[in-house]
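Shown below: upload-v9.csv, with CSV, C-alpha atoms and all ligand atoms.
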```
chain,number,residue,atom,x,y,z
F,335,MET,CA,95.6,140.0,114.6
F,336,GLU,CA,95.8,137.3,117.3
F,337,LEU,CA,95.0,139.1,120.5
F,338,VAL,CA,95.4,136.1,122.8
F,339,LYS,CA,95.9,132.5,121.8
F,340,GLY,CA,92.9,131.3,119.7
F,341,VAL,CA,91.2,134.8,119.6
F,342,HIS,CA,91.6,136.8,116.4
F,343,LEU,CA,90.4,140.4,115.9
F,344,ILE,CA,89.4,141.3,112.4
F,345,GLU,CA,89.3,145.1,112.3
F,346,THR,CA,86.7,146.3,109.9
F,347,TYR,CA,84.4,149.4,110.4
F,348,ALA,CA,83.3,147.5,113.5
F,349,ASN,CA,85.4,144.7,115.0
F,350,CYS,CA,84.7,141.1,114.3
F,351,VAL,CA,86.2,138.3,116.4
F,352,LEU,CA,87.1,134.8,115.5
F,353,PHE,CA,87.6,132.1,118.2
F,354,THR,CA,89.6,129.3,116.7
F,355,ASP,CA,90.3,126.8,119.5
F,356,GLY,CA,88.8,123.5,118.4
F,357,ARG,CA,85.8,125.4,116.8
F,358,LEU,CA,85.5,128.3,114.5
F,359,VAL,CA,83.1,130.8,116.0
F,360,LEU,CA,82.6,134.2,114.5
F,361,VAL,CA,81.2,137.1,116.6
F,362,ASP,CA,79.7,139.9,114.4
F,363,THR,CA,80.1,140.2,110.6
F,364,SER,CA,81.0,143.8,109.7
F,365,VAL,CA,79.3,146.4,107.5
F,366,ASP,CA,80.6,145.0,104.3
F,367,ASP,CA,77.9,142.9,102.8
F,368,THR,CA,80.4,140.7,101.0
F,369,ALA,CA,82.3,140.0,104.2
F,370,LYS,CA,85.5,140.2,102.3
F,371,ASP,CA,87.8,140.9,105.3
F,372,ILE,CA,86.4,137.8,107.0
F,373,PHE,CA,86.8,135.6,104.0
F,374,SER,CA,90.3,136.9,103.4
F,375,TRP,CA,91.2,136.2,107.1
F,376,LEU,CA,90.0,132.6,106.6
F,377,ARG,CA,91.9,132.2,103.4
F,378,LYS,CA,95.2,133.5,104.9
F,379,ASN,CA,94.8,131.2,107.8
F,380,GLY,CA,94.2,128.1,105.8
F,381,ARG,CA,90.5,127.9,106.8
F,382,ALA,CA,87.5,127.6,104.5
F,383,PRO,CA,84.3,129.6,105.0
F,384,GLY,CA,82.5,126.2,105.5
F,385,ASP,CA,84.7,125.6,108.6
F,386,VAL,CA,82.7,128.3,110.5
F,387,THR,CA,80.5,126.5,113.0
F,388,SER,CA,78.7,129.4,114.6
F,389,VAL,CA,78.1,133.0,114.0
F,390,ILE,CA,77.0,135.0,117.0
F,391,VAL,CA,75.5,138.5,116.3
F,392,THR,CA,75.7,141.0,119.2
F,393,HIS,CA,73.0,143.2,117.7
F,394,THR,CA,71.2,144.4,114.6
F,395,HIS,CA,73.2,147.4,113.4
F,396,PRO,CA,74.6,147.3,109.9
F,397,ASP,CA,78.2,147.3,110.9
F,398,HIS,CA,77.7,144.1,112.9
F,399,VAL,CA,75.1,142.3,110.7
F,400,PHE,CA,75.6,143.3,107.1
F,401,GLY,CA,78.1,140.5,106.3
F,402,LEU,CA,75.9,137.8,107.9
F,403,LYS,CA,74.1,136.8,104.7
F,404,ALA,CA,77.4,136.3,102.8
F,405,VAL,CA,78.9,134.3,105.6
F,406,LYS,CA,75.8,132.2,105.9
F,407,SER,CA,75.6,131.5,102.2
F,408,ARG,CA,79.2,130.2,102.2
F,409,ALA,CA,78.9,128.5,105.5
F,410,PRO,CA,75.4,127.0,105.3
F,411,GLY,CA,76.1,124.6,108.2
F,412,ALA,CA,77.0,127.5,110.6
F,413,LYS,CA,74.4,128.1,113.3
F,414,VAL,CA,73.4,131.7,113.6
F,415,ALA,CA,72.8,132.9,117.1
F,416,ALA,CA,71.5,136.2,118.6
F,417,GLY,CA,69.8,137.5,121.7
F,418,LYS,CA,66.2,136.4,121.9
F,419,ASP,CA,65.0,140.0,121.9
F,420,GLU,CA,67.1,140.7,118.8
F,421,ALA,CA,66.4,137.5,116.8
F,422,GLU,CA,63.4,138.9,114.9
F,423,TYR,CA,65.3,142.0,113.9
F,424,VAL,CA,68.3,139.9,112.6
F,425,ALA,CA,65.8,137.7,110.7
F,426,ARG,CA,63.8,140.8,109.7
F,427,THR,CA,60.5,139.2,110.6
F,428,LYS,CA,60.4,142.6,112.3
F,429,VAL,CA,62.3,145.7,111.0
F,430,TYR,CA,64.5,147.3,113.6
F,431,PRO,CA,63.3,150.9,113.5
F,432,GLY,CA,66.5,152.4,114.8
F,433,PRO,CA,68.3,154.5,115.9
F,434,PRO,CA,70.0,155.3,113.5
F,435,GLY,CA,67.1,154.4,111.2
F,436,PRO,CA,65.2,151.4,109.8
F,437,GLN,CA,67.6,148.5,109.3
F,438,ARG,CA,68.0,147.1,105.8
F,439,HIS,CA,70.4,144.2,106.0
F,440,ASP,CA,69.6,141.0,104.2
F,441,ALA,CA,67.4,138.7,106.3
F,442,VAL,CA,69.0,135.6,107.8
F,443,PRO,CA,67.0,133.3,110.1
F,444,VAL,CA,68.4,132.9,113.6
F,445,ASP,CA,68.9,129.3,114.7
F,446,VAL,CA,69.6,129.9,118.3
F,447,ALA,CA,67.9,132.6,120.4
F,448,LEU,CA,70.2,133.2,123.3
F,449,VAL,CA,69.0,134.2,126.8
F,450,ASP,CA,70.8,135.9,129.7
F,451,GLY,CA,72.8,133.5,131.8
F,452,GLN,CA,73.0,130.7,129.3
F,453,SER,CA,76.2,129.0,128.1
F,454,TYR,CA,76.7,128.9,124.4
F,455,GLU,CA,79.9,127.8,122.5
F,456,GLY,CA,81.9,128.2,125.7
F,457,PHE,CA,80.6,131.7,126.4
F,458,LEU,CA,78.4,133.0,129.2
F,459,VAL,CA,75.7,135.0,127.4
F,460,ILE,CA,75.0,138.4,129.1
F,461,ALA,CA,72.0,140.4,128.0
F,462,THR,CA,73.1,144.0,127.7
F,463,PRO,CA,70.1,145.9,126.3
F,464,GLY,CA,69.9,149.6,125.8
F,465,HIS,CA,72.1,150.1,122.7
F,466,THR,CA,69.5,147.9,121.0
F,467,PRO,CA,66.7,146.0,122.8
F,468,GLY,CA,68.3,142.5,122.5
F,469,HIS,CA,72.0,143.3,122.5
F,470,ILE,CA,74.2,140.6,124.0
F,471,SER,CA,77.7,140.4,125.3
F,472,LEU,CA,79.8,137.2,125.6
F,473,LEU,CA,82.1,136.3,128.4
F,474,ASP,CA,84.8,133.7,127.9
F,475,LYS,CA,85.3,132.8,131.6
F,476,GLU,CA,88.4,130.7,130.9
F,477,ARG,CA,90.3,133.5,129.2
F,478,LYS,CA,88.7,136.2,131.4
F,479,LEU,CA,87.8,137.9,128.1
F,480,LEU,CA,84.6,139.9,127.4
F,481,VAL,CA,83.3,140.6,123.9
F,482,ALA,CA,81.0,143.6,124.6
F,483,GLY,CA,80.0,144.5,121.1
F,484,ASP,CA,78.4,148.0,121.4
F,485,ALA,CA,77.5,147.6,125.1
F,486,LEU,CA,80.8,149.5,125.6
F,487,ASN,CA,82.8,151.8,123.4
F,488,ASN,CA,86.6,152.6,123.4
F,489,GLU,CA,87.1,154.9,120.5
F,490,LYS,CA,88.3,157.9,122.4
F,491,ALA,CA,88.1,156.5,125.9
F,492,LEU,CA,86.3,153.7,127.6
F,493,GLY,CA,82.6,154.7,127.9
F,494,PRO,CA,79.1,154.3,126.6
F,495,MET,CA,78.2,154.4,122.9
F,496,PRO,CA,77.1,157.9,121.7
F,497,ASP,CA,73.5,158.2,122.6
F,498,GLN,CA,72.4,159.0,119.1
F,499,TYR,CA,72.8,155.2,118.5
F,500,ASN,CA,71.2,154.0,121.7
F,501,ILE,CA,67.5,153.1,121.7
F,502,ASP,CA,67.5,153.5,125.5
F,503,PRO,CA,70.4,155.5,126.9
F,504,LYS,CA,69.4,154.8,130.5
F,505,GLN,CA,69.2,151.1,130.0
F,506,HIS,CA,72.5,151.1,128.1
F,507,ARG,CA,74.2,152.6,131.2
F,508,ALA,CA,72.5,150.0,133.4
F,509,SER,CA,73.9,147.3,131.2
F,510,ILE,CA,77.4,148.8,131.6
F,511,LYS,CA,77.0,148.6,135.4
F,512,LYS,CA,75.9,145.0,135.0
F,513,LEU,CA,79.0,144.2,133.0
F,514,ALA,CA,81.1,145.8,135.7
F,515,ASN,CA,80.1,143.0,138.0
F,516,TYR,CA,81.8,140.3,136.0
F,517,GLU,CA,85.4,139.3,136.2
F,518,PHE,CA,87.5,139.9,133.1
F,519,GLU,CA,90.9,141.1,132.1
F,520,THR,CA,90.6,141.4,128.4
F,521,LEU,CA,87.9,143.4,126.6
F,522,ILE,CA,87.0,143.5,122.9
F,523,VAL,CA,84.5,146.2,121.9
F,524,GLY,CA,82.7,146.9,118.6
F,525,HIS,CA,84.4,150.2,118.1
F,526,GLY,CA,87.9,151.1,119.4
F,527,LYS,CA,91.0,149.3,120.5
F,528,PRO,CA,90.8,146.2,122.6
F,529,ILE,CA,92.1,146.3,126.2
F,530,LEU,CA,94.4,143.4,127.0
F,531,LYS,CA,94.9,143.8,130.7
F,532,GLY,CA,92.9,145.2,133.6
F,533,ALA,CA,89.8,145.9,131.6
F,534,GLY,CA,87.4,144.8,134.3
F,535,ALA,CA,88.8,147.2,136.8
F,536,GLN,CA,88.6,150.0,134.2
F,537,VAL,CA,85.0,149.3,133.5
F,538,LYS,CA,84.2,149.1,137.2
F,539,ALA,CA,85.8,152.5,137.8
F,540,PHE,CA,83.9,154.4,135.2
F,541,ALA,CA,80.6,152.5,135.6
F,542,ALA,CA,80.6,153.7,139.3
F,543,ASN,CA,80.2,157.3,138.0
F,544,LEU,CA,77.6,156.6,135.4
T,1,ZN,ZN,75.6,149.3,117.3
```
Let me see whether you can do it: turn the structure in this file into structure tokens.
Amino acid sequence: MELVKGVHLIETYANCVLFTDGRLVLVDTSVDDTAKDIFSWLRKNGRAPGDVTSVIVTHTHPDHVFGLKAVKSRAPGAKVAAGKDEAEYVARTKVYPGPPGPQRHDAVPVDVALVDGQSYEGFLVIATPGHTPGHISLLDKERKLLVAGDALNNEKALGPMPDQYNIDPKQHRASIKKLANYEFETLIVGHGKPILKGAGAQVKAFAANL
């Protein structure tokens, strides 16, 4: 589904996002370790897996990272990027202990360790720890579009992720308050429907009461 021009949502167990304007950047890779929904999107849209230039992983939970190995093996030239405090977990040089439990995805080395405030592939990288230690969100300033991964949740209503999945619930809420300071209209979250208009104001409103 093309949400806005050049931004495609692939709805799997967790949402994946493809940015297709002049580059082919994938954010998150789903729970399916064959990444079949991602490959089928590419096929339907006349793109080959090898066209993917970058894969950015918001965090090391199976529903975001399990497809990474399959994508990387069919797009060997794609750079893999993750937050600097998450990179070792993605690469499994350290096992992420959970919650919800020790992570067992196939290891993929991280090429680019992203830090808070840096620009990468046209995004502002925002460190949003708390759900996991090195979780990142990505702001496309030009489109006023935030990809929040599991820093926010919109399954029933806009809010935090359920605390059973958060390594540090307090820090998770602090990260939501941090996101509320940025200007955006459109919001894509890992779980739940995207919000196309007025998302920043909605986040600001509920973050004030956290
Ligand atoms: Zn998660």
- Message: Around the point (93.4, 131.0, 110.8) (coordinates from the file), which residues reach within 12 Å if we count all atoms listed in the file? Answer as a ChimeraX atom specification.
- Response: /F:335-336,339-344,351-360,372-383,385-386
With a cut-off of 7 Å, could you pull out the residues of chain F touching ligand ZN 1 (chain T) and give me the nearest pair of atoms for each, distance in Å to one decimal, using only C-alpha atoms and all ligand atoms, ordered by chain and ascending number, as JSON lines?
```
{"residue": "F:His393", "atom": "CA", "partner": "T:ZN1", "partner_atom": "ZN", "distance": 6.6}
{"residue": "F:His395", "atom": "CA", "partner": "T:ZN1", "partner_atom": "ZN", "distance": 5.0}
{"residue": "F:His465", "atom": "CA", "partner": "T:ZN1", "partner_atom": "ZN", "distance": 6.5}
{"residue": "F:Asp484", "atom": "CA", "partner": "T:ZN1", "partner_atom": "ZN", "distance": 5.1}
{"residue": "F:Tyr499", "atom": "CA", "partner": "T:ZN1", "partner_atom": "ZN", "distance": 6.6}
```
- Residue with smallest distance to Asn488 (chain F) - pool F:Pro433, F:Lys512, F:Lys527, F:Glu420, counting all atoms listed in the file: F:Lys527
- Message: At a cut-off of 12 Å, using all atoms listed in the file, what residues contact Asn543 (chain F)? Leave out same-chain residues fewer than 6 positions from it and give the result as a list in words.
- Response: Gly493, Pro494, Arg507, Ala508, Ile510, Lys511, Ala514, Gln536 and Val537 of chain F
- Contacts of region 458-463 of chain F within 10 Å, all atoms listed in the file, excl. fewer than 2 positions in-chain, as an MDAnalysis selection string: chainID F and resid 392:393 416:420 448:456 465:475 480 482:486 500:513 516
- Query: Looking at all atoms listed in the file, which of F:Lys478, F:Val414, F:Pro396, F:Phe457 is the one that sits closest to Asp440 (chain F)?
  - Reply: F:Pro396
- Message: If we count only C-alpha atoms and set the cut-off at 12 Å, which residues sit around Val429 (chain F), ignoring sequence neighbours fewer than 3 positions away in its own chain? Please answer as a ChimeraX atom specification.
- Response: /F:394-395,420-426,432-433,435-441
